Amino acid sequence: MNYTPSKIFITEEAKNDTQTGRMLERMPGIPVEIIQDEKAIIRHYNDKEDAFTQGKRMVLLTRHKGKFFKPCPSVTDYVCCNYQIFHLAVGCNFDCSYCILQAYLNNPILTFYTNIEDALSELSSILKENPKSYYRIGTGELTDSLSTDHLTGFSEILVPFFQNISNATLEFKTKSDNIDNLLKMAPKEKVIVGWSYNSEKISQEEEHKTASLEKRLIAAKKVLDAGYKVTFHLDPIVHYEGWEKDYKESLDRLFDAIPPEKITWISMGSLRYLPKLKNVMTERFPKSKLAYGEFVRGVDDKMRYFKDIRTEMFQAIQSHIRSYSKDLALFLCMESQEVWQKTFGIRPTSIEEVSEKLDTQLIK
Ligand code: SF4
């Protein structure tokens, strides 16, 4: 069932925004409180014992004061794919045990920005000022792109916007099957829907409240039939007893539902987390075993499996994918050149090299 909040907070300055009105129409009967001090509400929920569990039940509608459009955070020692983020929301109604937002955000409330006209105007200017650059843009860095789309209607604004843009592609990244709005529109291949995908065990045990893998695949098939491009993100790949068999089975199910030639690309990333996430994870999800692997601290300060373990996982998974398709574009998320070399036999020398390969997939 789609998410409904228990309460809506609206800042004074956001209360008359068009987007606020649209969202309130889609949440009839939910108590609303107009607030003067956004920071005080955030502090109030942050001080609660389980701030994230409580905060996920609340929605905050407010205006964003900073930049909406930013490059995906990258670190020079890792190969970056030059992805750009368009921030329209912060927080997520889903509750994955490994979610980095638990360690990264100091606002536990599900927050949506209502000055969407400002966001689109900022994006438009950047795309117009750089007509020779090609942008891959996603909305799912600090939130799930589609899990609340029935409330925000963001896709109804963004899909038509991107249809008229020649130098950018938009990707919705999701673990939901909330695609009703997408199916009502007529895409022109400018929009990708990317599903996070995992082994059945990790999905069931660690990705709480998300759509099952089966539902994600049914949804992927529907949007593909409707004319969107689809991608899959095998991320986070987790090392546990039986991982290889489980990931292979999961990929068999994926290719059974969606032929590889219909998939624009698959990315792979191993489990990684900020050290302070470990405490949050063990407190909020005591049954989770994710934090008990053999990890090493990377240059981006995130904990990762040892290089040999990561390489072994990527090699096994890529070889299984290659048994289905020699051409399907694959890439690694936030990995070193050495791991690229050991996995794919190539060592990308620059961001541009990886970026160009992915752009070619889109333009193709
Ligand atoms: S879907 Fe993504 S953003 Fe949402 S809880 Fe899971 S990891 Fe976090």
# chains A, B, ... in the order shown; residues from 1 in each chain; ligands from 1

call {"tool": "closest_atom_pairs", "arguments": {"of": "chain A", "to": "ligand 1", "cutoff": "9 Å", "atoms": "only C-alpha atoms and all ligand atoms", "output": "CSV"}}
result
residue,atom,partner,partner_atom_place_in_ligand_line,distance
A:Val90,CA,ligand 1,3 (S),8.7
A:Gly91,CA,ligand 1,3 (S),6.5
A:Cys92,CA,ligand 1,4 (Fe),4.5
A:Asn93,CA,ligand 1,4 (Fe),6.4
A:Phe94,CA,ligand 1,5 (S),4.4
A:Asp95,CA,ligand 1,5 (S),4.1
A:Cys96,CA,ligand 1,6 (Fe),4.2
A:Ser97,CA,ligand 1,5 (S),7.5
A:Tyr98,CA,ligand 1,7 (S),6.5
A:Cys99,CA,ligand 1,8 (Fe),4.0
A:Ile100,CA,ligand 1,8 (Fe),6.4
A:Leu101,CA,ligand 1,8 (Fe),6.0
A:Gln102,CA,ligand 1,8 (Fe),7.9
A:Gly140,CA,ligand 1,3 (S),7.4
A:Glu141,CA,ligand 1,3 (S),7.2
A:Leu142,CA,ligand 1,3 (S),6.0
A:Thr143,CA,ligand 1,3 (S),4.5
A:Asp144,CA,ligand 1,3 (S),5.1
A:Ser145,CA,ligand 1,3 (S),8.7
A:Ser147,CA,ligand 1,1 (S),8.3
A:Lys173,CA,ligand 1,2 (Fe),8.6
A:Thr174,CA,ligand 1,1 (S),6.5
A:Lys175,CA,ligand 1,1 (S),5.7
A:Ser176,CA,ligand 1,1 (S),8.1
A:Ser196,CA,ligand 1,1 (S),8.2
A:Glu206,CA,ligand 1,6 (Fe),8.9
A:Glu207,CA,ligand 1,6 (Fe),6.2
A:His208,CA,ligand 1,6 (Fe),7.7
A:Lys209,CA,ligand 1,5 (S),8.7
A:Thr210,CA,ligand 1,1 (S),7.0

call {"tool": "residues_around", "arguments": {"residues": "Trp265 of chain A", "least_positions_apart": "6", "cutoff": "9 Å", "atoms": "only C-alpha atoms", "output": "list of chain:residue names"}}
result
A:Val230, A:Thr231, A:Phe232, A:His233, A:Leu328, A:Ala329, A:Leu330, A:Phe331, A:Leu358, A:Gln361

call {"tool": "write_last_selection", "arguments": {"atoms": "N, CA and C atoms", "output": "mmCIF file, in the first residue's frame"}}
result
data_model
loop_
_atom_site.group_PDB
_atom_site.id
_atom_site.type_symbol
_atom_site.label_atom_id
_atom_site.label_comp_id
_atom_site.auth_asym_id
_atom_site.auth_seq_id
_atom_site.Cartn_x
_atom_site.Cartn_y
_atom_site.Cartn_z
ATOM 1 N N VAL A 230 14.837 1.450 -18.883
ATOM 2 C CA VAL A 230 15.002 0.945 -17.516
ATOM 3 C C VAL A 230 16.459 0.563 -17.251
ATOM 4 N N THR A 231 16.861 0.812 -16.000
ATOM 5 C CA THR A 231 18.196 0.412 -15.544
ATOM 6 C C THR A 231 18.022 -0.335 -14.226
ATOM 7 N N PHE A 232 19.064 -1.054 -13.830
ATOM 8 C CA PHE A 232 19.039 -1.738 -12.532
ATOM 9 C C PHE A 232 20.331 -1.445 -11.792
ATOM 10 N N HIS A 233 20.197 -1.286 -10.496
ATOM 11 C CA HIS A 233 21.358 -0.992 -9.658
ATOM 12 C C HIS A 233 21.508 -2.119 -8.646
ATOM 13 N N LEU A 328 25.464 -5.802 -22.796
ATOM 14 C CA LEU A 328 24.793 -4.978 -21.791
ATOM 15 C C LEU A 328 25.825 -4.116 -21.049
ATOM 16 N N ALA A 329 25.563 -2.790 -21.000
ATOM 17 C CA ALA A 329 26.522 -1.874 -20.361
ATOM 18 C C ALA A 329 26.527 -2.090 -18.844
ATOM 19 N N LEU A 330 27.724 -2.258 -18.318
ATOM 20 C CA LEU A 330 27.878 -2.471 -16.873
ATOM 21 C C LEU A 330 28.856 -1.438 -16.332
ATOM 22 N N PHE A 331 28.616 -0.966 -15.137
ATOM 23 C CA PHE A 331 29.643 -0.133 -14.509
ATOM 24 C C PHE A 331 29.616 -0.294 -12.999
ATOM 25 N N LEU A 358 28.433 5.922 -20.768
ATOM 26 C CA LEU A 358 27.036 5.867 -20.326
ATOM 27 C C LEU A 358 26.156 6.771 -21.188
ATOM 28 N N GLN A 361 25.165 5.114 -24.305
ATOM 29 C CA GLN A 361 24.046 4.172 -24.124
ATOM 30 C C GLN A 361 22.711 4.888 -24.257
#

call {"tool": "atom_distance", "arguments": {"atom1": "atom CA of Pro71 of chain A", "atom2": "atom CA of Tyr104 of chain A"}}
result
16.8 Å

call {"tool": "closest_residue", "arguments": {"among": "A:Phe9, A:Phe161, A:Phe86, A:Trp243", "to": "Ile35 of chain A", "atoms": "only C-alpha atoms"}}
result
A:Phe9

call {"tool": "atom_distance", "arguments": {"atom1": "atom CA of Arg284 of chain A", "atom2": "atom CA of Lys7 of chain A"}}
result
22.5 Å

call {"tool": "residues_around", "arguments": {"residues": "Pro131 of chain A", "least_positions_apart": "4", "cutoff": "10 Å", "atoms": "only C-alpha atoms", "output": "PyMOL selection string"}}
result
chain A and resi 126-127+135+165-168

call {"tool": "closest_residue", "arguments": {"among": "A:Lys262, A:Pro187, A:Tyr240, A:Arg297", "to": "Lys221 of chain A", "atoms": "only C-alpha atoms"}}
result
A:Lys262

call {"tool": "atom_distance", "arguments": {"atom1": "atom CA of Ser250 of chain A", "atom2": "atom CA of Pro286 of chain A"}}
result
25.6 Å
